Amino acid sequence: MLGVLGGGQLGSMFATAAHRLGYRVAVWDPDPNAPGLGKADVPVNRPFDDATALVEFTRSVAAVTYEWENIPAATARAIEATVCLRPSADILTTIQNRLEQKLFLSSHGIPIVPFVEVSALGALSVPPSTVGFPCLCKTARSGYDGKGQWRLESPHDIERLQEELAQSASAGPWVLERVLAFDKELSVLVVRGADKEHRIYPVVENQHETGILRLTRVPADVDRPVVERAQHIALAVVEALDGIGVFCVELFLMPDGTLYVNEVAPRPHNSGHYTLDACTVSQFEQQVRTVAGVPLGEVRLLCPAVMVNLIGEEITRVTNGEGFPALLRTAGAKLHLYGKREVRPRRKMGHVTFLGEKTEDAWAAANEFQVRLGALDREKSPPTA
Ligand code: ADP
Ligand code: MG
């Protein structure tokens, strides 16, 4: 039996992939409504610091992974003391702290966005010249989907943020990071097995809205040298970590072709959901393979794809009224709903992957869908590639 910490959509998709390969799955999630619990052979619905749950969980599994990096490090370490955890608790600890992650990456010569550590925000008056305005203040811990981030345009915004944080429970440290006027956001999935073999998925292009992923298109509309450099950097990151598992490296592509690593996820990633429908082996099946210690799979892209997230109320526009039959009628559209009971603003509720014979076909279908969804006011111009 394989174990996964976290039973959100990523943990659920891990369970589905594991079942397909014949493994049983234990899912541990403190939220009784976590969709992954319903998919588990052994559901563990207890807080992550529950000692009895730890014994029950570790006793039932041969190897464990996690669906996101904000799992308590102490739980990861306690599990690793008895069973194999992939990626390791050391890697989780480095990555779950933005500051440590950045220090790790820069110490290994990986190009990252200029930043400074801020341990006492109250003492800050202006960002150092290496960062400047505009800049982003990000919490070192527990940020995701753009949460725990503030954009600062002027000293006035620093004062405002100081007041806001003084009244909240938000604790430092923070990183202060230069806002980059990037051309594109890219990401690269790297899979690395226990035998140190690796696979690199195609480079994808991501569009975010208010810090949350809106869509992913693959292949990215970039030149071959950019693809090669992005894949080279992503592999260098995973090799520096000596990671075993699935990793996603997020990158910013600057107008002059420079690439900076934004952040690294030690797990399957939203920008890799297209692999479920458009690749020979999905990122979740690779996660299963890395945890189980069996050979990795092929990462071939079978056709171009565009993945559109369903965020918050958008799901009701897809499942109610005309939206549902219209989507089901769309050639190449694959709908994935996550089974979350509660719709909340900014919550990822599902996604649709549009497969096309050509990039233009997938792009056109995804655009039409977004216009219907109300996520786009009007059609965006088609990609040049
Ligand atoms: P999260 O953990 O929430 O994904 P990220 O650091 O990846 O945090 O930020 C979310 C998004 O915000 C990024 O994908 C990007 O669109 C934007 N962003 C983050 N940092 C920068 C930056 N330094 N310059 C410009 N945009 C940024
Ligand atoms: Mg990110």
# chains A, B, ... in the order shown; residues from 1 in each chain; ligands from 1

$ residues_near_ligand --ligand "ligand 1" --cutoff "10 Å" --atoms "only C-alpha atoms and all ligand atoms" --output "PyMOL selection string"
chain A and resi 69+96+98+112-115+131+134-151+176-182+184-187+206-214+249-252+260-265

$ residues_around --residues "A:Val188" --least-positions-apart "5" --cutoff "9 Å" --atoms "only C-alpha atoms" --output "list of chain:residue names"
A:Ile200, A:Tyr201, A:Pro202, A:Val203, A:Val204, A:Ala230, A:Gln231, A:Ala234, A:Leu235, A:Phe247, A:Cys248, A:Val249, A:Glu250, A:Leu251, A:Ser271, A:Gly272

$ write_last_selection --atoms "N, CA and C atoms" --output "short mmCIF file (atom, residue, chain, number, x, y, z; two decimals), in the first residue's frame"
data_model
loop_
_atom_site.label_atom_id
_atom_site.label_comp_id
_atom_site.auth_asym_id
_atom_site.auth_seq_id
_atom_site.Cartn_x
_atom_site.Cartn_y
_atom_site.Cartn_z
N ILE A 200 12.06 14.41 -18.36
CA ILE A 200 11.67 15.82 -18.34
C ILE A 200 10.49 16.00 -19.30
N TYR A 201 9.40 16.52 -18.80
CA TYR A 201 8.22 16.78 -19.63
C TYR A 201 8.47 18.02 -20.50
N PRO A 202 7.63 18.20 -21.52
CA PRO A 202 7.78 19.40 -22.36
C PRO A 202 7.63 20.68 -21.52
N VAL A 203 8.21 21.75 -22.00
CA VAL A 203 8.07 23.05 -21.32
C VAL A 203 6.66 23.59 -21.61
N VAL A 204 5.99 24.03 -20.57
CA VAL A 204 4.64 24.58 -20.74
C VAL A 204 4.66 26.07 -20.42
N ALA A 230 15.47 25.96 -20.29
CA ALA A 230 14.49 25.79 -19.20
C ALA A 230 14.58 24.36 -18.65
N GLN A 231 14.68 23.40 -19.56
CA GLN A 231 14.76 22.00 -19.11
C GLN A 231 16.07 21.73 -18.39
N ALA A 234 15.78 23.23 -14.91
CA ALA A 234 14.85 22.43 -14.07
C ALA A 234 15.54 21.15 -13.59
N LEU A 235 16.26 20.51 -14.49
CA LEU A 235 16.97 19.28 -14.09
C LEU A 235 18.06 19.60 -13.08
N PHE A 247 8.82 16.82 -9.59
CA PHE A 247 9.11 18.21 -9.21
C PHE A 247 8.64 19.13 -10.32
N CYS A 248 8.11 20.28 -9.92
CA CYS A 248 7.77 21.27 -10.94
C CYS A 248 8.59 22.53 -10.67
N VAL A 249 9.28 23.00 -11.69
CA VAL A 249 10.08 24.21 -11.56
C VAL A 249 9.39 25.32 -12.35
N GLU A 250 9.00 26.38 -11.64
CA GLU A 250 8.34 27.53 -12.27
C GLU A 250 9.40 28.55 -12.66
N LEU A 251 9.29 29.07 -13.87
CA LEU A 251 10.31 29.99 -14.39
C LEU A 251 9.69 31.24 -14.98
N SER A 271 0.02 22.97 -13.32
CA SER A 271 0.41 23.20 -14.72
C SER A 271 0.76 21.89 -15.42
N GLY A 272 0.75 20.77 -14.68
CA GLY A 272 1.01 19.46 -15.28
C GLY A 272 -0.24 18.61 -15.40
#

$ residues_around --residues "stretch 353-364 of chain A" --least-positions-apart "5" --cutoff "10 Å" --atoms "only C-alpha atoms" --output "PDB file with C-alpha atoms, in the first residue's frame"
ATOM      1  CA  LEU A 215      -4.377  28.387 -17.961  1.00  0.00           C
ATOM      2  CA  THR A 216      -1.517  26.289 -19.238  1.00  0.00           C
ATOM      3  CA  ARG A 217      -0.643  25.672 -22.853  1.00  0.00           C
ATOM      4  CA  VAL A 218       1.683  23.039 -24.123  1.00  0.00           C
ATOM      5  CA  PRO A 219       3.978  23.136 -25.925  1.00  0.00           C
ATOM      6  CA  ALA A 220       5.065  26.606 -24.828  1.00  0.00           C
ATOM      7  CA  ASP A 221       5.301  29.164 -27.598  1.00  0.00           C
ATOM      8  CA  HIS A 273      -2.637  18.406 -15.247  1.00  0.00           C
ATOM      9  CA  TYR A 274      -2.602  18.298 -19.037  1.00  0.00           C
ATOM     10  CA  THR A 275      -0.388  15.175 -18.731  1.00  0.00           C
ATOM     11  CA  LEU A 276      -3.481  13.203 -17.642  1.00  0.00           C
ATOM     12  CA  ASP A 277      -4.988  13.545 -21.109  1.00  0.00           C
ATOM     13  CA  ALA A 278      -2.171  14.593 -23.415  1.00  0.00           C
ATOM     14  CA  LEU A 302       0.590  13.050 -27.764  1.00  0.00           C
ATOM     15  CA  CYS A 303      -0.969  16.295 -28.961  1.00  0.00           C
ATOM     16  CA  PRO A 304      -1.005  20.025 -28.164  1.00  0.00           C
ATOM     17  CA  ALA A 305      -3.209  20.970 -25.227  1.00  0.00           C
ATOM     18  CA  VAL A 306      -4.575  23.937 -23.328  1.00  0.00           C
ATOM     19  CA  MET A 307      -5.707  23.452 -19.735  1.00  0.00           C
ATOM     20  CA  VAL A 308      -8.141  25.937 -18.201  1.00  0.00           C
ATOM     21  CA  ASN A 309      -8.794  25.978 -14.461  1.00  0.00           C
ATOM     22  CA  THR A 330     -16.770  20.316 -27.632  1.00  0.00           C
ATOM     23  CA  ALA A 331     -14.382  18.060 -29.524  1.00  0.00           C
ATOM     24  CA  GLY A 332     -11.211  17.403 -27.575  1.00  0.00           C
ATOM     25  CA  ALA A 333     -12.505  18.812 -24.264  1.00  0.00           C
ATOM     26  CA  LYS A 334     -11.836  16.720 -21.161  1.00  0.00           C
ATOM     27  CA  LEU A 335     -13.602  17.845 -18.006  1.00  0.00           C
ATOM     28  CA  HIS A 336     -12.185  17.063 -14.558  1.00  0.00           C
ATOM     29  CA  PHE A 369     -14.851  28.159 -23.418  1.00  0.00           C
ATOM     30  CA  GLN A 370     -13.379  31.000 -21.389  1.00  0.00           C
ATOM     31  CA  GLU A 379     -11.452  36.408 -27.587  1.00  0.00           C
ATOM     32  CA  LYS A 380      -7.711  36.695 -27.198  1.00  0.00           C
ATOM     33  CA  SER A 381      -5.641  36.737 -30.324  1.00  0.00           C
ATOM     34  CA  PRO A 382      -4.373  33.313 -31.295  1.00  0.00           C
ATOM     35  CA  PRO A 383      -0.791  32.313 -30.541  1.00  0.00           C
ATOM     36  CA  THR A 384       1.782  32.973 -33.192  1.00  0.00           C
ATOM     37  CA  ALA A 385       3.163  29.416 -33.196  1.00  0.00           C
TER      38      ALA A 385
END

$ residues_around --residues "A:Gly245" --least-positions-apart "5" --cutoff "12 Å" --atoms "only C-alpha atoms" --output "PDB file with C-alpha atoms, in the first residue's frame"
ATOM      1  CA  ALA A  63       6.115   4.150   1.053  1.00  0.00           C
ATOM      2  CA  VAL A  64       4.671   7.654   1.311  1.00  0.00           C
ATOM      3  CA  THR A  65       4.475  10.874  -0.670  1.00  0.00           C
ATOM      4  CA  TYR A  66       2.622  14.167  -0.253  1.00  0.00           C
ATOM      5  CA  GLU A  67       0.376  16.302  -2.397  1.00  0.00           C
ATOM      6  CA  CYS A  84      10.286   5.570   2.877  1.00  0.00           C
ATOM      7  CA  LEU A  85       9.161   9.136   2.155  1.00  0.00           C
ATOM      8  CA  ARG A  86       9.611  10.548  -1.337  1.00  0.00           C
ATOM      9  CA  PRO A  87      10.597  13.328  -1.795  1.00  0.00           C
ATOM     10  CA  SER A  88      12.516  13.274   1.502  1.00  0.00           C
ATOM     11  CA  ILE A  91      13.673  18.382   0.663  1.00  0.00           C
ATOM     12  CA  LEU A  92      10.214  19.198   1.995  1.00  0.00           C
ATOM     13  CA  LEU A 189       8.080  18.951 -14.676  1.00  0.00           C
ATOM     14  CA  VAL A 190      11.033  16.751 -13.840  1.00  0.00           C
ATOM     15  CA  VAL A 191      10.612  13.187 -12.615  1.00  0.00           C
ATOM     16  CA  ARG A 192      13.527  11.447 -10.933  1.00  0.00           C
ATOM     17  CA  GLY A 193      13.535   7.855  -9.745  1.00  0.00           C
ATOM     18  CA  ALA A 194      15.356   6.052  -6.970  1.00  0.00           C
ATOM     19  CA  ASP A 195      17.828   4.784  -9.586  1.00  0.00           C
ATOM     20  CA  LYS A 196      18.596   8.482 -10.400  1.00  0.00           C
ATOM     21  CA  GLU A 197      17.094   8.133 -13.850  1.00  0.00           C
ATOM     22  CA  HIS A 198      15.095  11.144 -14.888  1.00  0.00           C
ATOM     23  CA  ARG A 199      12.425  12.254 -17.343  1.00  0.00           C
ATOM     24  CA  VAL A 238      16.228  18.523  -9.030  1.00  0.00           C
ATOM     25  CA  GLU A 239      19.754  17.146  -9.177  1.00  0.00           C
ATOM     26  CA  ALA A 265       7.168  22.347  -6.015  1.00  0.00           C
ATOM     27  CA  PRO A 266       8.178  18.870  -4.769  1.00  0.00           C
ATOM     28  CA  ARG A 267       5.053  17.244  -6.200  1.00  0.00           C
ATOM     29  CA  PRO A 268       2.771  17.146  -9.239  1.00  0.00           C
ATOM     30  CA  GLN A 283       2.548  13.246 -13.654  1.00  0.00           C
ATOM     31  CA  PHE A 284       0.461  11.346 -11.076  1.00  0.00           C
ATOM     32  CA  GLU A 285       1.399   7.967 -12.454  1.00  0.00           C
ATOM     33  CA  GLN A 286       5.052   9.082 -12.365  1.00  0.00           C
ATOM     34  CA  GLN A 287       4.570  10.065  -8.729  1.00  0.00           C
ATOM     35  CA  VAL A 288       3.228   6.576  -8.037  1.00  0.00           C
ATOM     36  CA  ARG A 289       6.177   5.032  -9.870  1.00  0.00           C
ATOM     37  CA  THR A 290       8.751   7.107  -7.960  1.00  0.00           C
ATOM     38  CA  VAL A 291       7.170   6.283  -4.587  1.00  0.00           C
ATOM     39  CA  ALA A 292       6.800   2.610  -5.413  1.00  0.00           C
ATOM     40  CA  GLY A 293      10.372   2.484  -6.733  1.00  0.00           C
ATOM     41  CA  VAL A 294       9.424   1.018 -10.118  1.00  0.00           C
ATOM     42  CA  PRO A 295      10.655   2.195 -13.563  1.00  0.00           C
ATOM     43  CA  LEU A 296       9.623   5.659 -14.701  1.00  0.00           C
TER      44      LEU A 296
END

$ atom_distance --atom1 "atom CA of A:Pro128" --atom2 "atom CA of A:Lys102"
17.3 Å

$ select_by_dssp --residues "stretch 196-301 of chain A" --states "helix (DSSP H, G or I)" --output "PyMOL selection string"
chain A and resi 224-241+270-272+275-278+283-292

$ atom_distance --atom1 "atom CA of A:Gly122" --atom2 "atom CA of A:Gln162"
6.0 Å

$ closest_residue --among "A:His269, A:Gly109, A:Glu164, A:Asp256" --to "ligand 2" --atoms "only C-alpha atoms and all ligand atoms"
A:His269
